[in-house]
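A.B. asks: Input run_31.txt, format and content: compact mmCIF, C-alpha atoms.
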# COMPACT_ATOMS: atom_id res chain seq x y z
CA MET A 1 71.57 98.11 80.58
CA THR A 2 69.14 98.74 83.43
CA LYS A 3 67.67 95.81 85.37
CA ILE A 4 64.74 95.70 87.77
CA ALA A 5 64.33 93.07 90.49
CA GLU A 6 62.06 92.75 93.53
CA ILE A 7 64.37 92.18 96.51
CA ALA A 8 61.69 92.27 99.23
CA PRO A 9 57.89 92.58 99.15
CA GLU A 10 57.07 95.77 97.21
CA ILE A 11 60.73 96.87 97.21
CA PHE A 12 62.35 96.96 93.79
CA ARG A 13 66.01 97.38 92.92
CA ILE A 14 66.84 99.38 89.78
CA SER A 15 70.40 98.76 88.62
CA THR A 16 72.39 100.33 85.80
CA LEU A 17 75.90 99.16 84.94
CA VAL A 18 78.09 102.12 83.97
CA PRO A 19 81.11 100.59 82.18
CA ASP A 20 83.25 103.73 82.55
CA PHE A 21 83.08 103.29 86.32
CA GLY A 22 83.05 99.50 86.28
CA MET A 23 80.18 99.35 88.72
CA GLN A 24 76.43 99.29 89.15
CA PHE A 25 74.47 102.30 90.35
CA ASN A 26 71.37 101.13 92.21
CA GLN A 27 68.17 102.87 93.17
CA PHE A 28 65.28 101.37 95.13
CA ILE A 29 61.56 101.94 94.65
CA VAL A 30 59.21 101.15 97.53
CA ARG A 31 55.70 100.69 96.18
CA ASP A 32 53.18 101.86 98.78
CA ARG A 33 50.39 104.37 99.32
CA GLU A 34 53.13 107.01 99.46
CA PRO A 35 55.82 105.67 97.09
CA LEU A 36 59.44 106.21 98.08
CA LEU A 37 62.55 106.35 95.88
CA TYR A 38 65.89 105.69 97.57
CA HIS A 39 68.79 107.22 95.59
CA THR A 40 68.14 109.17 92.39
CA GLY A 41 71.34 108.48 90.49
CA MET A 42 73.37 111.18 88.79
CA ARG A 43 71.64 113.75 86.57
CA GLY A 44 72.98 112.02 83.48
CA LEU A 45 71.19 108.80 84.49
CA PHE A 46 67.85 110.53 85.07
CA PRO A 47 66.15 109.49 81.78
CA THR A 48 67.21 105.87 82.31
CA VAL A 49 66.16 105.76 85.96
CA ARG A 50 62.86 107.55 85.29
CA GLU A 51 62.01 105.00 82.60
CA ALA A 52 62.79 102.15 85.00
CA VAL A 53 60.75 103.72 87.81
CA ALA A 54 57.82 103.98 85.38
CA LYS A 55 57.83 100.20 85.05
CA VAL A 56 57.06 99.91 88.76
CA ILE A 57 55.00 103.04 89.55
CA ASP A 58 53.95 106.25 87.86
CA PRO A 59 56.90 108.56 88.67
CA ALA A 60 54.47 111.45 89.10
CA THR A 61 53.04 109.71 92.20
CA LEU A 62 56.33 109.72 94.12
CA ARG A 63 55.87 111.10 97.62
CA TRP A 64 59.36 110.69 99.14
CA ILE A 65 62.84 110.85 97.64
CA SER A 66 65.42 109.69 100.13
CA PHE A 67 69.18 109.09 100.26
CA SER A 68 72.04 108.69 102.72
CA HIS A 69 74.16 111.77 102.05
CA PHE A 70 74.73 114.62 99.63
CA GLU A 71 76.55 113.16 96.62
CA ALA A 72 75.84 112.97 92.88
CA ASP A 73 74.86 109.30 92.72
CA GLU A 74 72.75 109.66 95.86
CA CYS A 75 70.73 112.74 94.90
CA GLY A 76 72.12 114.31 91.72
CA ALA A 77 68.79 113.97 89.90
CA LEU A 78 66.73 115.06 92.91
CA ASN A 79 65.39 118.23 91.28
CA ASP A 80 64.60 116.37 88.06
CA PHE A 81 62.37 113.98 90.01
CA LEU A 82 60.81 116.80 92.02
CA ALA A 83 59.91 118.49 88.72
CA ILE A 84 57.84 115.51 87.55
CA ALA A 85 56.36 114.53 90.93
CA PRO A 86 54.40 117.49 92.35
CA ARG A 87 53.80 115.87 95.79
CA ALA A 88 57.33 114.56 96.25
CA GLN A 89 59.56 115.80 99.07
CA PRO A 90 63.21 115.04 99.87
CA LEU A 91 63.66 112.86 102.95
CA CYS A 92 67.03 112.84 104.72
CA SER A 93 68.73 113.46 108.03
CA PHE A 94 68.05 116.73 109.84
CA VAL A 95 71.70 117.69 109.37
CA GLY A 96 71.53 116.88 105.66
CA ALA A 97 68.48 119.09 105.23
CA MET A 98 70.14 121.98 107.06
CA VAL A 99 73.63 121.91 105.53
CA SER A 100 72.97 120.93 101.90
CA VAL A 101 69.60 119.72 100.73
CA ASN A 102 67.40 122.72 101.50
CA ASP A 103 69.82 124.95 99.61
CA PHE A 104 70.06 122.61 96.61
CA ALA A 105 66.55 121.19 96.28
CA SER A 106 63.69 122.97 94.58
CA ARG A 107 61.42 121.91 97.47
CA PRO A 108 62.28 121.82 101.19
CA ALA A 109 63.31 118.49 102.68
CA ARG A 110 61.80 116.70 105.59
CA GLY A 111 64.76 116.25 107.91
CA LEU A 112 64.57 113.42 110.44
CA ASN A 113 66.41 113.11 113.73
CA ASP A 114 68.10 109.85 114.70
CA GLY A 115 65.54 107.11 115.37
CA GLU A 116 62.60 109.10 114.00
CA THR A 117 60.11 107.17 111.86
CA ILE A 118 57.81 107.85 108.95
CA GLU A 119 54.95 105.71 107.61
CA THR A 120 54.14 105.49 103.91
CA GLY A 121 51.15 103.14 104.20
CA ALA A 122 52.04 99.51 104.84
CA LYS A 123 55.71 100.44 105.26
CA ARG A 124 57.40 102.15 108.19
CA PHE A 125 60.86 103.68 107.89
CA GLN A 126 63.29 104.50 110.68
CA ILE A 127 66.31 106.71 110.12
CA ALA A 128 69.64 105.79 111.68
CA CYS A 129 72.03 108.75 111.63
CA THR A 130 75.62 107.64 111.09
CA PRO A 131 77.96 110.66 110.77
CA HIS A 132 80.88 109.90 108.42
CA LEU A 133 79.59 106.38 107.70
CA PRO A 134 79.88 105.91 104.79
CA HIS A 135 80.74 109.58 104.07
CA THR A 136 80.11 113.10 105.38
CA TRP A 137 78.60 114.61 108.50
CA GLU A 138 74.97 114.21 107.39
CA ALA A 139 75.18 110.50 106.49
CA ALA A 140 72.26 108.32 107.57
CA HIS A 141 70.69 104.98 106.73
CA LEU A 142 67.02 104.14 106.22
CA PHE A 143 65.54 100.95 107.70
CA GLU A 144 62.16 99.62 106.54
CA GLU A 145 60.73 97.83 109.56
CA SER A 146 58.08 95.52 108.07
CA THR A 147 60.55 93.82 105.72
CA ALA A 148 63.66 94.50 107.86
CA THR A 149 65.36 96.07 104.83
CA LEU A 150 68.38 98.29 105.41
CA PHE A 151 69.18 100.76 102.63
CA CYS A 152 72.92 101.01 103.24
CA SER A 153 74.32 103.34 100.57
CA ASP A 154 78.04 102.65 99.90
CA LEU A 155 78.48 99.99 102.57
CA PHE A 156 79.17 96.56 101.02
CA HIS A 157 80.22 98.22 97.74
CA GLN A 158 80.97 95.54 95.12
CA ASP A 159 82.38 96.58 91.75
CA GLY A 160 81.36 94.81 88.54
CA ASP A 161 77.90 93.59 87.57
CA PRO A 162 76.84 91.02 90.19
CA GLU A 163 73.37 89.48 90.47
CA PRO A 164 70.48 91.50 91.94
CA LEU A 165 70.08 89.46 95.13
CA THR A 166 72.27 86.89 96.83
CA GLU A 167 71.88 84.74 99.94
CA SER A 168 75.60 83.99 99.98
CA LYS A 169 77.37 85.90 102.73
CA ASP A 170 80.73 84.75 101.41
CA GLN A 171 79.98 86.00 97.91
CA LEU A 172 78.91 89.42 99.12
CA MET A 173 81.79 89.84 101.54
CA ASP A 174 84.32 88.63 98.98
CA GLY A 175 83.12 91.28 96.52
CA ALA A 176 83.14 93.96 99.21
CA ARG A 177 86.64 92.97 100.33
CA LYS A 178 88.10 93.04 96.82
CA THR A 179 86.59 96.44 96.11
CA LEU A 180 87.72 97.98 99.41
CA VAL A 181 91.26 96.61 99.09
CA ARG A 182 91.52 97.93 95.52
CA TYR A 183 90.27 101.38 96.53
CA GLN A 184 92.60 101.59 99.52
CA ALA A 185 95.60 100.85 97.29
CA GLY A 186 94.73 103.46 94.65
CA PRO A 187 93.76 107.10 94.28
CA PHE A 188 90.48 106.52 96.15
CA ALA A 189 92.13 105.54 99.44
CA ASN A 190 89.97 106.52 102.42
CA TYR A 191 86.87 106.19 100.25
CA LEU A 192 85.20 104.74 103.36
CA PRO A 193 86.82 106.48 106.32
CA TYR A 194 87.50 104.73 109.61
CA THR A 195 86.87 106.96 112.63
CA SER A 196 86.67 106.57 116.39
CA ARG A 197 82.92 106.01 115.97
CA THR A 198 82.90 103.57 113.06
CA ASP A 199 82.64 100.39 115.15
CA ASP A 200 79.81 101.81 117.27
CA LEU A 201 77.88 103.03 114.24
CA LEU A 202 78.15 99.65 112.51
CA ALA A 203 77.00 98.00 115.75
CA LYS A 204 74.05 100.39 115.79
CA LEU A 205 73.05 99.25 112.29
CA ALA A 206 73.59 95.60 113.22
CA ALA A 207 71.25 96.02 116.20
CA LEU A 208 68.43 96.69 113.74
CA LYS A 209 68.78 93.00 112.73
CA PRO A 210 68.19 93.55 109.00
CA LEU A 211 67.08 90.60 106.88
CA VAL A 212 67.76 92.42 103.60
CA ILE A 213 70.80 94.62 102.89
CA ALA A 214 70.40 96.99 99.92
CA PRO A 215 73.69 98.60 98.79
CA MET A 216 74.15 101.35 96.23
CA HIS A 217 76.75 99.33 94.30
CA GLY A 218 76.47 95.57 93.87
CA SER A 219 74.18 92.75 94.92
CA SER A 220 71.59 93.08 97.63
CA PHE A 221 71.71 90.42 100.35
CA LYS A 222 68.98 88.31 101.94
CA GLY A 223 69.83 86.63 105.22
CA ASP A 224 71.41 87.45 108.58
CA GLY A 225 72.26 91.10 108.10
CA GLU A 226 73.27 91.52 111.74
CA HIS A 227 76.07 89.00 111.30
CA LEU A 228 77.05 90.54 107.97
CA LEU A 229 77.45 93.99 109.53
CA HIS A 230 79.69 92.54 112.25
CA GLU A 231 81.78 90.98 109.47
CA LEU A 232 81.96 94.37 107.77
CA THR A 233 83.29 95.86 111.01
CA LYS A 234 86.14 93.33 110.95
CA LEU A 235 86.82 94.19 107.31
CA PHE A 236 86.98 97.92 108.09
CA ARG A 237 89.41 97.31 110.93
CA GLU A 238 91.64 95.17 108.75
CA VAL A 239 91.63 97.09 105.48
CA VAL A 240 90.79 100.70 106.35
CA ALA A 241 92.06 101.16 109.90
CA GLY A 242 95.16 98.99 109.33
CA PRO A 243 97.35 97.51 112.05
CA PRO A 244 97.68 99.48 115.30
CA PRO A 245 100.88 101.51 115.70
CA ALA A 246 103.82 99.63 117.24
Have the structure of the file written as structure tokens, please.
C.D. replies:
Amino acid sequence: MTKIAEIAPEIFRISTLVPDFGMQFNQFIVRDREPLLYHTGMRGLFPTVREAVAKVIDPATLRWISFSHFEADECGALNDFLAIAPRAQPLCSFVGAMVSVNDFASRPARGLNDGETIETGAKRFQIACTPHLPHTWEAAHLFEESTATLFCSDLFHQDGDPEPLTESKDQLMDGARKTLVRYQAGPFANYLPYTSRTDDLLAKLAALKPLVIAPMHGSSFKGDGEHLLHELTKLFREVVAGPPPA
């Protein structure tokens, strides 16, 4: 079942629960003069996601298709969307464009350097490059300045089928903690790696002072996103980094 909810002015969350994975896969449509889709979902979800997008905008009018990093749920259906939207262009980090996207996509990407911005009409997006956060060298996050919305990919991953938007920090962090602990104890250990730069990169995202956090899996959050990202740093240190060596 796919659900649509407006989580910020003209920003819509599309969410599909995939029972085999036990989690939601979320995409975000930004309705503007140049509409933007964040995440495409896997190729198998394309018909479902396209139908949901059509309830918000005409998919053929898409101008930008953006994502954090090169992975199936982030951009698996990229070429399917490019085929139905003749003006659409992938939007990602410069590294992402160079190492993966321009080889894979049927249309060249616009690759942005850290801190670079793009305007789509009323909205203005800034890219924050975050290598290996959440995954891979080309990882980046997109921040919409007018609504202070941070599209944060796999950060704050919550399994299950939680509500579209919560203002409860405790609820969001509890879901993120349970998911991260479960992954660390199973075959997906190191799903979110902890590196020498993780703390600084999370601080960089916190400095944006987001008021809306929009994860790929689980509820979006409305509130003090700066504080929430500092709490996520503590969670990473505890669960992923583990105790320092004796």
A.B. asks: Suppose you want the space between atom CA of A:Asp154 and atom CA of A:Pro215; what is it in Å?
C.D. replies: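 These atoms are spaced 6.0 Å apart.
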A.B. asks: Which residues of stretch 40-154 of chain A have any atom within 12 Å of an atom in stretch 229-238 of chain A when counting all atoms listed in the file, and what is the closest pair of atoms for each, with the distance in Å to one decimal? Order the rows by chain and rising number and write it as a Markdown table.
C.D. replies:
| residue | atom | partner | partner_atom | distance |
| --- | --- | --- | --- | --- |
| A:Leu133 | CA | A:Phe236 | CA | 11.2 |
| A:Pro134 | CA | A:Phe236 | CA | 11.2 |
| A:Leu150 | CA | A:Leu229 | CA | 10.9 |
| A:Cys152 | CA | A:Leu229 | CA | 10.5 |
A.B. asks: First collect every listed atom of stretch 217-235 of chain A; then fit an axis-aligned box around them, widen it by 6 Å on each side, and give centre and edge lengths in Å to one decimal, as AutoDock Vina command-line options.
C.D. replies:
--center_x 77.9 --center_y 93.0 --center_z 103.1 --size_x 29.8 --size_y 24.7 --size_z 30.4
A.B. asks: Counting only C-alpha atoms, which residue out of A:Met173, A:Ala185, A:Leu201, A:Leu91 sits closest to A:Arg110?
C.D. replies: A:Leu91
A.B. asks: Between A:Ile4, A:Leu165, A:Ala214, A:Ala83, which one has atoms that come closest to A:His39, using only C-alpha atoms?
C.D. replies: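 Smallest distance to A:His39 is found for A:Ala214.
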A.B. asks: Given only C-alpha atoms as the basis, pick out the residue of A:Leu228, A:Val212, A:Val18, A:Met23 nearest to A:Lys169.
C.D. replies: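 For A:Lys169, the nearest of the given residues is A:Leu228.
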A.B. asks: By how many Å are atom CA of A:Phe21 and atom CA of A:Asp73 apart?
C.D. replies: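 Here the two named atoms are 12.0 Å from each other.
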A.B. asks: Within 9 Å of A:Val56, counting all atoms listed in the file, which residues qualify if same-chain residues fewer than 3 places away don't, as a ChimeraX atom specification?
C.D. replies: /A:4,12,29,31,52-53,59
A.B. asks: Out of A:Ala72, A:Val49, A:Val240, A:Met1, which residue has the shortest atom-to-atom distance to A:Gln184 when counting only C-alpha atoms?
C.D. replies: A:Val240
A.B. asks: Quick one: residues within 9 Å of A:Arg13, all atoms listed in the file counted, chain neighbours fewer than 3 positions away excluded, as a list in words?
C.D. replies: Lys3, Ile4, Ala5, Glu6, Ile7, Asn26, Gln27, Phe28, Ile29, Pro164, Ala214 and Ser220 of chain A
A.B. asks: Ranking A:Ala241, A:Val30, A:Met42, A:Ala54 by minimum distance to A:Asp80 and counting only C-alpha atoms, which one comes first?
C.D. replies: A:Met42
A.B. asks: So, counting all atoms listed in the file, which residue among A:Thr179, A:Ser146, A:Glu163, A:Phe94 is closest to A:Ala128?
C.D. replies: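 Of the candidates, the smallest distance to A:Ala128 is held by A:Phe94.
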A.B. asks: Find the distance between atom CA of A:Lys55 and atom CA of A:Glu71 and write it in Å to one decimal.
C.D. replies: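 Atom CA of A:Glu71 lies at a distance of 25.5 Å from atom CA of A:Lys55.
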A.B. asks: Could you check which residues have any atom within 9 Å of (74.5, 109.1, 104.6), counting all atoms listed in the file with coordinates taken straight from the file, and then list them as an mmCIF file with C-alpha atoms, in the frame of the given file?
C.D. replies:
data_model
loop_
_atom_site.group_PDB
_atom_site.id
_atom_site.type_symbol
_atom_site.label_atom_id
_atom_site.label_comp_id
_atom_site.auth_asym_id
_atom_site.auth_seq_id
_atom_site.Cartn_x
_atom_site.Cartn_y
_atom_site.Cartn_z
ATOM 1 C CA PHE A 67 69.180 109.090 100.260
ATOM 2 C CA SER A 68 72.040 108.690 102.720
ATOM 3 C CA HIS A 69 74.160 111.770 102.050
ATOM 4 C CA PHE A 70 74.730 114.620 99.630
ATOM 5 C CA GLU A 74 72.750 109.660 95.860
ATOM 6 C CA CYS A 92 67.030 112.840 104.720
ATOM 7 C CA SER A 93 68.730 113.460 108.030
ATOM 8 C CA GLY A 96 71.530 116.880 105.660
ATOM 9 C CA CYS A 129 72.030 108.750 111.630
ATOM 10 C CA THR A 130 75.620 107.640 111.090
ATOM 11 C CA PRO A 131 77.960 110.660 110.770
ATOM 12 C CA HIS A 132 80.880 109.900 108.420
ATOM 13 C CA LEU A 133 79.590 106.380 107.700
ATOM 14 C CA PRO A 134 79.880 105.910 104.790
ATOM 15 C CA HIS A 135 80.740 109.580 104.070
ATOM 16 C CA THR A 136 80.110 113.100 105.380
ATOM 17 C CA TRP A 137 78.600 114.610 108.500
ATOM 18 C CA GLU A 138 74.970 114.210 107.390
ATOM 19 C CA ALA A 139 75.180 110.500 106.490
ATOM 20 C CA ALA A 140 72.260 108.320 107.570
ATOM 21 C CA HIS A 141 70.690 104.980 106.730
ATOM 22 C CA CYS A 152 72.920 101.010 103.240
ATOM 23 C CA SER A 153 74.320 103.340 100.570
ATOM 24 C CA ASP A 154 78.040 102.650 99.900
#
